[in-house]
$ cat upload.cif   # mmCIF, N, CA and C atoms and all ligand atoms
data_entry
#
loop_
_atom_site.label_atom_id
_atom_site.label_comp_id
_atom_site.auth_asym_id
_atom_site.auth_seq_id
_atom_site.Cartn_x
_atom_site.Cartn_y
_atom_site.Cartn_z
N MET A 1 97.26 78.84 105.12
CA MET A 1 97.67 80.25 105.17
C MET A 1 98.61 80.56 104.01
N ILE A 2 99.60 79.67 103.83
CA ILE A 2 100.53 79.87 102.71
C ILE A 2 99.76 79.81 101.39
N GLY A 3 98.84 78.86 101.32
CA GLY A 3 98.04 78.72 100.11
C GLY A 3 97.25 79.98 99.82
N LYS A 4 96.68 80.57 100.86
CA LYS A 4 95.89 81.79 100.71
C LYS A 4 96.76 82.93 100.17
N CYS A 5 97.98 82.99 100.72
CA CYS A 5 98.90 84.04 100.31
C CYS A 5 99.26 83.88 98.84
N LEU A 6 99.48 82.65 98.41
CA LEU A 6 99.82 82.41 97.00
C LEU A 6 98.67 82.83 96.08
N ILE A 7 97.46 82.51 96.51
CA ILE A 7 96.30 82.91 95.71
C ILE A 7 96.25 84.43 95.60
N GLY A 8 96.52 85.10 96.73
CA GLY A 8 96.53 86.56 96.74
C GLY A 8 97.55 87.12 95.77
N LYS A 9 98.74 86.54 95.78
CA LYS A 9 99.80 87.02 94.88
C LYS A 9 99.40 86.81 93.43
N THR A 10 98.76 85.69 93.14
CA THR A 10 98.31 85.44 91.77
C THR A 10 97.31 86.52 91.36
N LYS A 11 96.46 86.91 92.30
CA LYS A 11 95.49 87.97 92.01
C LYS A 11 96.20 89.28 91.68
N VAL A 12 97.26 89.58 92.45
CA VAL A 12 98.00 90.80 92.20
C VAL A 12 98.66 90.74 90.83
N LYS A 13 99.23 89.59 90.49
CA LYS A 13 99.85 89.45 89.16
C LYS A 13 98.81 89.60 88.05
N ASP A 14 97.65 89.02 88.27
CA ASP A 14 96.57 89.16 87.29
C ASP A 14 96.22 90.63 87.08
N LEU A 15 96.19 91.33 88.20
CA LEU A 15 95.86 92.76 88.16
C LEU A 15 96.90 93.51 87.31
N LEU A 16 98.16 93.12 87.46
CA LEU A 16 99.23 93.80 86.72
C LEU A 16 99.19 93.46 85.24
N LEU A 17 98.56 92.35 84.89
CA LEU A 17 98.47 91.98 83.47
C LEU A 17 97.37 92.76 82.76
N GLN A 18 96.52 93.40 83.53
CA GLN A 18 95.47 94.21 82.90
C GLN A 18 96.10 95.38 82.16
N LYS A 19 95.44 95.77 81.07
CA LYS A 19 96.00 96.74 80.15
C LYS A 19 96.50 98.02 80.84
N ASP A 20 95.67 98.58 81.71
CA ASP A 20 96.04 99.87 82.29
C ASP A 20 97.13 99.75 83.34
N ASN A 21 97.46 98.53 83.76
CA ASN A 21 98.51 98.38 84.77
C ASN A 21 99.84 97.95 84.16
N ARG A 22 99.91 97.86 82.85
CA ARG A 22 101.15 97.43 82.21
C ARG A 22 102.12 98.58 82.03
N PHE A 23 101.70 99.75 82.46
CA PHE A 23 102.56 100.92 82.38
C PHE A 23 102.61 101.58 83.75
N CYS A 24 103.77 102.17 84.04
CA CYS A 24 103.94 102.85 85.33
C CYS A 24 102.86 103.91 85.51
N VAL A 25 102.23 103.94 86.66
CA VAL A 25 101.13 104.88 86.91
C VAL A 25 101.63 106.33 86.87
N ASP A 26 102.89 106.53 87.22
CA ASP A 26 103.41 107.89 87.31
C ASP A 26 103.96 108.41 86.00
N CYS A 27 104.78 107.58 85.30
CA CYS A 27 105.48 108.12 84.13
C CYS A 27 105.18 107.35 82.85
N ASN A 28 104.34 106.31 82.92
CA ASN A 28 103.97 105.55 81.74
C ASN A 28 105.06 104.66 81.16
N ALA A 29 106.15 104.42 81.90
CA ALA A 29 107.16 103.47 81.43
C ALA A 29 106.54 102.08 81.38
N PRO A 30 106.90 101.27 80.35
CA PRO A 30 106.27 99.95 80.22
C PRO A 30 106.77 98.94 81.26
N ASN A 31 105.97 97.92 81.50
CA ASN A 31 106.30 96.79 82.37
C ASN A 31 106.78 97.15 83.78
N PRO A 32 106.00 97.87 84.52
CA PRO A 32 106.40 98.17 85.89
C PRO A 32 106.42 96.88 86.73
N LYS A 33 107.43 96.77 87.57
CA LYS A 33 107.57 95.54 88.37
C LYS A 33 107.34 95.79 89.85
N TRP A 34 107.03 97.02 90.20
CA TRP A 34 106.81 97.37 91.59
C TRP A 34 105.38 97.84 91.77
N VAL A 35 104.92 97.69 92.99
CA VAL A 35 103.54 98.03 93.26
C VAL A 35 103.48 98.81 94.57
N SER A 36 102.71 99.87 94.59
CA SER A 36 102.43 100.52 95.86
C SER A 36 101.19 99.85 96.42
N ALA A 37 101.41 99.05 97.45
CA ALA A 37 100.33 98.19 97.94
C ALA A 37 99.18 98.99 98.52
N ASN A 38 99.48 100.10 99.20
CA ASN A 38 98.38 100.83 99.84
C ASN A 38 97.69 101.79 98.88
N ILE A 39 98.40 102.24 97.83
CA ILE A 39 97.73 103.11 96.85
C ILE A 39 97.08 102.24 95.77
N GLY A 40 97.65 101.06 95.53
CA GLY A 40 97.05 100.13 94.58
C GLY A 40 97.43 100.40 93.14
N VAL A 41 98.70 100.79 92.93
CA VAL A 41 99.14 101.11 91.57
C VAL A 41 100.45 100.42 91.27
N SER A 42 100.77 100.26 89.98
CA SER A 42 102.05 99.69 89.59
C SER A 42 103.00 100.82 89.18
N VAL A 43 104.26 100.71 89.59
CA VAL A 43 105.25 101.73 89.26
C VAL A 43 106.53 101.09 88.75
N CYS A 44 107.30 101.84 87.94
CA CYS A 44 108.58 101.36 87.43
C CYS A 44 109.65 101.54 88.51
N LEU A 45 110.84 101.02 88.22
CA LEU A 45 111.94 101.08 89.18
C LEU A 45 112.26 102.52 89.58
N LYS A 46 112.27 103.41 88.57
CA LYS A 46 112.61 104.80 88.82
C LYS A 46 111.59 105.45 89.77
N CYS A 47 110.32 105.27 89.48
CA CYS A 47 109.30 105.89 90.31
C CYS A 47 109.19 105.19 91.66
N CYS A 48 109.56 103.90 91.70
CA CYS A 48 109.59 103.18 92.97
C CYS A 48 110.51 103.89 93.95
N GLY A 49 111.66 104.37 93.44
CA GLY A 49 112.59 105.11 94.28
C GLY A 49 111.95 106.36 94.84
N VAL A 50 111.16 107.04 94.02
CA VAL A 50 110.47 108.25 94.47
C VAL A 50 109.46 107.90 95.56
N HIS A 51 108.68 106.83 95.30
CA HIS A 51 107.68 106.41 96.28
C HIS A 51 108.34 106.03 97.60
N ARG A 52 109.49 105.32 97.51
CA ARG A 52 110.21 104.93 98.73
C ARG A 52 110.67 106.16 99.50
N SER A 53 111.10 107.20 98.76
CA SER A 53 111.61 108.38 99.45
C SER A 53 110.48 109.16 100.12
N ILE A 54 109.26 109.00 99.64
CA ILE A 54 108.12 109.67 100.29
C ILE A 54 107.89 109.04 101.66
N GLY A 55 108.14 107.73 101.74
CA GLY A 55 107.95 107.04 103.02
C GLY A 55 106.83 106.02 102.96
N SER A 56 107.02 104.91 103.68
CA SER A 56 106.08 103.80 103.58
C SER A 56 104.74 104.09 104.23
N GLN A 57 104.67 105.15 105.05
CA GLN A 57 103.36 105.49 105.63
C GLN A 57 102.45 106.11 104.58
N ILE A 58 103.03 106.63 103.50
CA ILE A 58 102.24 107.20 102.41
C ILE A 58 102.14 106.22 101.25
N SER A 59 103.27 105.64 100.86
CA SER A 59 103.25 104.68 99.76
C SER A 59 104.12 103.49 100.11
N LYS A 60 103.50 102.34 100.26
CA LYS A 60 104.26 101.15 100.63
C LYS A 60 104.59 100.36 99.37
N VAL A 61 105.83 100.51 98.89
CA VAL A 61 106.19 99.87 97.63
C VAL A 61 106.71 98.45 97.87
N LEU A 62 106.21 97.54 97.07
CA LEU A 62 106.64 96.14 97.16
C LEU A 62 107.02 95.64 95.77
N PHE A 63 108.01 94.76 95.74
CA PHE A 63 108.35 94.10 94.49
C PHE A 63 107.33 93.00 94.25
N VAL A 64 106.77 92.97 93.06
CA VAL A 64 105.62 92.11 92.81
C VAL A 64 105.91 90.64 93.12
N THR A 65 107.05 90.16 92.67
CA THR A 65 107.28 88.72 92.80
C THR A 65 108.09 88.32 94.01
N LEU A 66 108.87 89.23 94.58
CA LEU A 66 109.79 88.81 95.64
C LEU A 66 109.33 89.14 97.06
N ASP A 67 108.79 90.32 97.26
CA ASP A 67 108.44 90.72 98.61
C ASP A 67 107.28 89.89 99.15
N GLU A 68 107.28 89.72 100.46
CA GLU A 68 106.16 89.05 101.11
C GLU A 68 105.00 90.03 101.23
N TRP A 69 103.86 89.60 100.81
CA TRP A 69 102.67 90.44 100.90
C TRP A 69 101.80 89.95 102.04
N SER A 70 101.31 90.84 102.85
CA SER A 70 100.31 90.44 103.83
C SER A 70 98.96 90.43 103.13
N SER A 71 98.02 89.70 103.68
CA SER A 71 96.72 89.64 103.00
C SER A 71 96.04 91.01 103.01
N ASP A 72 96.34 91.84 104.01
CA ASP A 72 95.79 93.20 104.03
C ASP A 72 96.28 94.00 102.84
N GLU A 73 97.57 93.87 102.53
CA GLU A 73 98.15 94.61 101.41
C GLU A 73 97.54 94.15 100.09
N ILE A 74 97.37 92.84 99.98
CA ILE A 74 96.76 92.30 98.75
C ILE A 74 95.32 92.82 98.60
N ASP A 75 94.59 92.77 99.72
CA ASP A 75 93.20 93.26 99.69
C ASP A 75 93.13 94.72 99.29
N ALA A 76 94.06 95.54 99.86
CA ALA A 76 94.05 96.97 99.56
C ALA A 76 94.32 97.20 98.08
N MET A 77 95.28 96.46 97.54
CA MET A 77 95.65 96.57 96.13
C MET A 77 94.46 96.22 95.25
N ILE A 78 93.80 95.13 95.59
CA ILE A 78 92.68 94.67 94.77
C ILE A 78 91.49 95.62 94.88
N GLU A 79 91.36 96.18 96.06
CA GLU A 79 90.23 97.10 96.29
C GLU A 79 90.33 98.33 95.38
N VAL A 80 91.54 98.90 95.27
CA VAL A 80 91.70 100.07 94.40
C VAL A 80 91.51 99.64 92.95
N GLY A 81 92.06 98.47 92.59
CA GLY A 81 91.81 97.92 91.26
C GLY A 81 92.78 98.36 90.20
N GLY A 82 93.85 99.07 90.57
CA GLY A 82 94.89 99.37 89.60
C GLY A 82 94.96 100.81 89.18
N ASN A 83 95.78 101.05 88.15
CA ASN A 83 96.18 102.40 87.79
C ASN A 83 95.05 103.29 87.34
N SER A 84 94.14 102.76 86.51
CA SER A 84 93.15 103.68 85.97
C SER A 84 92.21 104.17 87.06
N SER A 85 91.85 103.27 88.00
CA SER A 85 90.99 103.74 89.09
C SER A 85 91.75 104.69 90.01
N ALA A 86 93.04 104.39 90.26
CA ALA A 86 93.83 105.26 91.14
C ALA A 86 94.02 106.63 90.49
N ASN A 87 94.32 106.65 89.19
CA ASN A 87 94.47 107.93 88.49
C ASN A 87 93.18 108.73 88.54
N TYR A 88 92.09 108.02 88.41
CA TYR A 88 90.79 108.68 88.46
C TYR A 88 90.60 109.36 89.81
N ILE A 89 91.02 108.67 90.87
CA ILE A 89 90.88 109.22 92.22
C ILE A 89 91.85 110.38 92.45
N TYR A 90 93.15 110.14 92.14
CA TYR A 90 94.17 111.12 92.53
C TYR A 90 94.27 112.30 91.56
N GLU A 91 94.08 112.01 90.27
CA GLU A 91 94.27 113.09 89.30
C GLU A 91 93.06 114.01 89.22
N ALA A 92 92.02 113.66 89.93
CA ALA A 92 90.87 114.55 90.00
C ALA A 92 91.26 115.86 90.67
N TYR A 93 92.38 115.82 91.41
CA TYR A 93 92.78 117.01 92.16
C TYR A 93 93.95 117.75 91.53
N PHE A 94 94.30 117.39 90.31
CA PHE A 94 95.37 118.11 89.61
C PHE A 94 94.99 119.57 89.42
N PRO A 95 95.92 120.48 89.68
CA PRO A 95 95.62 121.88 89.37
C PRO A 95 95.47 122.05 87.86
N LYS A 96 94.71 123.04 87.44
CA LYS A 96 94.51 123.28 86.02
C LYS A 96 95.83 123.57 85.32
N GLY A 97 96.05 122.96 84.17
CA GLY A 97 97.27 123.23 83.42
C GLY A 97 98.44 122.37 83.85
N TYR A 98 98.28 121.56 84.87
CA TYR A 98 99.36 120.68 85.32
C TYR A 98 99.45 119.48 84.41
N THR A 99 100.66 119.15 83.96
CA THR A 99 100.80 117.93 83.16
C THR A 99 101.70 116.95 83.90
N LYS A 100 101.42 115.69 83.67
CA LYS A 100 102.17 114.62 84.32
C LYS A 100 103.55 114.47 83.70
N PRO A 101 104.59 114.19 84.51
CA PRO A 101 105.91 113.94 83.92
C PRO A 101 105.93 112.60 83.16
N GLY A 102 106.77 112.50 82.14
CA GLY A 102 106.88 111.27 81.35
C GLY A 102 108.08 110.44 81.79
N PRO A 103 108.36 109.32 81.08
CA PRO A 103 109.44 108.41 81.47
C PRO A 103 110.82 109.08 81.48
N ASP A 104 111.01 110.14 80.70
CA ASP A 104 112.33 110.77 80.62
C ASP A 104 112.46 111.96 81.56
N ALA A 105 111.45 112.19 82.36
CA ALA A 105 111.48 113.35 83.24
C ALA A 105 112.59 113.21 84.28
N SER A 106 113.18 114.33 84.61
CA SER A 106 114.23 114.33 85.63
C SER A 106 113.58 114.33 87.01
N HIS A 107 114.31 113.81 88.00
CA HIS A 107 113.79 113.83 89.36
C HIS A 107 114.14 115.11 90.10
N LYS A 108 114.92 115.94 89.43
CA LYS A 108 115.27 117.21 90.08
C LYS A 108 114.05 118.13 90.07
N GLN A 109 113.97 118.96 91.07
CA GLN A 109 112.81 119.85 91.13
C GLN A 109 113.20 121.27 90.81
ZN ZN B 1 107.63 105.37 86.40
#
$ encode --input "upload.cif" --output "structure tokens" --more "lines below"
Ligand SMILES: [Zn+2]
Amino acid sequence: MIGKCLIGKTKVKDLLLQKDNRFCVDCNAPNPKWVSANIGVSVCLKCCGVHRSIGSQISKVLFVTLDEWSSDEIDAMIEVGGNSSANYIYEAYFPKGYTKPGPDASHKQ
């Protein structure tokens, strides 16, 4: 069981090494270290805080190397396949003229 979990984590790390996952899915900051396990994307520390404030029922954020991952979470992450597939799914619904915030964007609304 422990062995299986380690293999799963290695898969998640491999996923994060892919080109499109080396930047935060939300703001494009480099080297994101957090992952939303149920959405299947990598996020930076700043956006991780935003995801946490939305609530874990919508976005379950985990630290890639430290948090314990259940095999379900790993499977969900791998199923989505990372940022470019998630952006393809979620950004399909962007209203016309909407632009994504960048790394320097304020969190104030
Ligand atoms: Zn970010």
$ residues_around --input "upload.cif" --residues "range 25-39 of chain A" --least-positions-apart "6" --cutoff "7 Å" --atoms "all atoms listed in the file" --output "list of chain:residue names"
A:Leu45, A:Cys47, A:Cys48, A:Ile58, A:Ser59, A:Lys60, A:Val61, A:Leu62, A:Phe63, A:Val64, A:Thr65, A:Glu73, A:Ile74, A:Ala76, A:Met77, A:Val80, A:Gly82, A:Asn83, A:Ala86, A:Lys100, A:Pro101, A:Gly102, A:Pro103, A:Asp104
$ write_last_selection --input "upload.cif" --atoms "N, CA and C atoms" --output "short mmCIF file (atom, residue, chain, number, x, y, z; two decimals), in the frame of the given file"
data_model
loop_
_atom_site.label_atom_id
_atom_site.label_comp_id
_atom_site.auth_asym_id
_atom_site.auth_seq_id
_atom_site.Cartn_x
_atom_site.Cartn_y
_atom_site.Cartn_z
N LEU A 45 110.84 101.02 88.22
CA LEU A 45 111.94 101.08 89.18
C LEU A 45 112.26 102.52 89.58
N CYS A 47 110.32 105.27 89.48
CA CYS A 47 109.30 105.89 90.31
C CYS A 47 109.19 105.19 91.66
N CYS A 48 109.56 103.90 91.70
CA CYS A 48 109.59 103.18 92.97
C CYS A 48 110.51 103.89 93.95
N ILE A 58 103.03 106.63 103.50
CA ILE A 58 102.24 107.20 102.41
C ILE A 58 102.14 106.22 101.25
N SER A 59 103.27 105.64 100.86
CA SER A 59 103.25 104.68 99.76
C SER A 59 104.12 103.49 100.11
N LYS A 60 103.50 102.34 100.26
CA LYS A 60 104.26 101.15 100.63
C LYS A 60 104.59 100.36 99.37
N VAL A 61 105.83 100.51 98.89
CA VAL A 61 106.19 99.87 97.63
C VAL A 61 106.71 98.45 97.87
N LEU A 62 106.21 97.54 97.07
CA LEU A 62 106.64 96.14 97.16
C LEU A 62 107.02 95.64 95.77
N PHE A 63 108.01 94.76 95.74
CA PHE A 63 108.35 94.10 94.49
C PHE A 63 107.33 93.00 94.25
N VAL A 64 106.77 92.97 93.06
CA VAL A 64 105.62 92.11 92.81
C VAL A 64 105.91 90.64 93.12
N THR A 65 107.05 90.16 92.67
CA THR A 65 107.28 88.72 92.80
C THR A 65 108.09 88.32 94.01
N GLU A 73 97.57 93.87 102.53
CA GLU A 73 98.15 94.61 101.41
C GLU A 73 97.54 94.15 100.09
N ILE A 74 97.37 92.84 99.98
CA ILE A 74 96.76 92.30 98.75
C ILE A 74 95.32 92.82 98.60
N ALA A 76 94.06 95.54 99.86
CA ALA A 76 94.05 96.97 99.56
C ALA A 76 94.32 97.20 98.08
N MET A 77 95.28 96.46 97.54
CA MET A 77 95.65 96.57 96.13
C MET A 77 94.46 96.22 95.25
N VAL A 80 91.54 98.90 95.27
CA VAL A 80 91.70 100.07 94.40
C VAL A 80 91.51 99.64 92.95
N GLY A 82 93.85 99.07 90.57
CA GLY A 82 94.89 99.37 89.60
C GLY A 82 94.96 100.81 89.18
N ASN A 83 95.78 101.05 88.15
CA ASN A 83 96.18 102.40 87.79
C ASN A 83 95.05 103.29 87.34
N ALA A 86 93.04 104.39 90.26
CA ALA A 86 93.83 105.26 91.14
C ALA A 86 94.02 106.63 90.49
N LYS A 100 101.42 115.69 83.67
CA LYS A 100 102.17 114.62 84.32
C LYS A 100 103.55 114.47 83.70
N PRO A 101 104.59 114.19 84.51
CA PRO A 101 105.91 113.94 83.92
C PRO A 101 105.93 112.60 83.16
N GLY A 102 106.77 112.50 82.14
CA GLY A 102 106.88 111.27 81.35
C GLY A 102 108.08 110.44 81.79
N PRO A 103 108.36 109.32 81.08
CA PRO A 103 109.44 108.41 81.47
C PRO A 103 110.82 109.08 81.48
N ASP A 104 111.01 110.14 80.70
CA ASP A 104 112.33 110.77 80.62
C ASP A 104 112.46 111.96 81.56
#
$ atom_distance --input "upload.cif" --atom1 "atom C of Tyr98 in chain A" --atom2 "atom N of Leu15 in chain A"
28.6 Å
$ atom_distance --input "upload.cif" --atom1 "CA of Asn21 in chain A" --atom2 "atom N of Ser42 in chain A"
6.0 Å
$ atom_distance --input "upload.cif" --atom1 "atom N of Asp67 in chain A" --atom2 "atom N of Lys9 in chain A"
10.8 Å
$ axis_aligned_box --input "upload.cif" --around "range 20-36 of chain A" --padding-each-side "6 Å" --output "JSON"
{"center_x": 101.6, "center_y": 102.0, "center_z": 88.3, "size_x": 23.9, "size_y": 24.9, "size_z": 28.2}
$ closest_residue --input "upload.cif" --among "A:Val43, A:Tyr93, A:Asp14, A:Ile7" --to "ligand ZN 1 (chain B)" --atoms "only C-alpha atoms and all ligand atoms"
A:Val43
$ closest_residue --input "upload.cif" --among "A:Cys24, A:Glu79, A:Leu16, A:Ala105" --to "ligand ZN 1 (chain B)" --atoms "only C-alpha atoms and all ligand atoms"
A:Cys24
$ select_by_dssp --input "upload.cif" --residues "chain A" --states "alpha helix (DSSP H)" --output "PyMOL selection string"
chain A and resi 2-17+45-54+71-80+83-90
$ closest_residue --input "upload.cif" --among "A:Lys46, A:His51, A:His107, A:Lys13" --to "ligand ZN 1 (chain B)" --atoms "all atoms listed in the file"
A:Lys46
$ closest_residue --input "upload.cif" --among "A:Ser85, A:Pro95, A:Phe23, A:Asp75" --to "ligand ZN 1 (chain B)" --atoms "only N, CA and C atoms and all ligand atoms"
A:Phe23
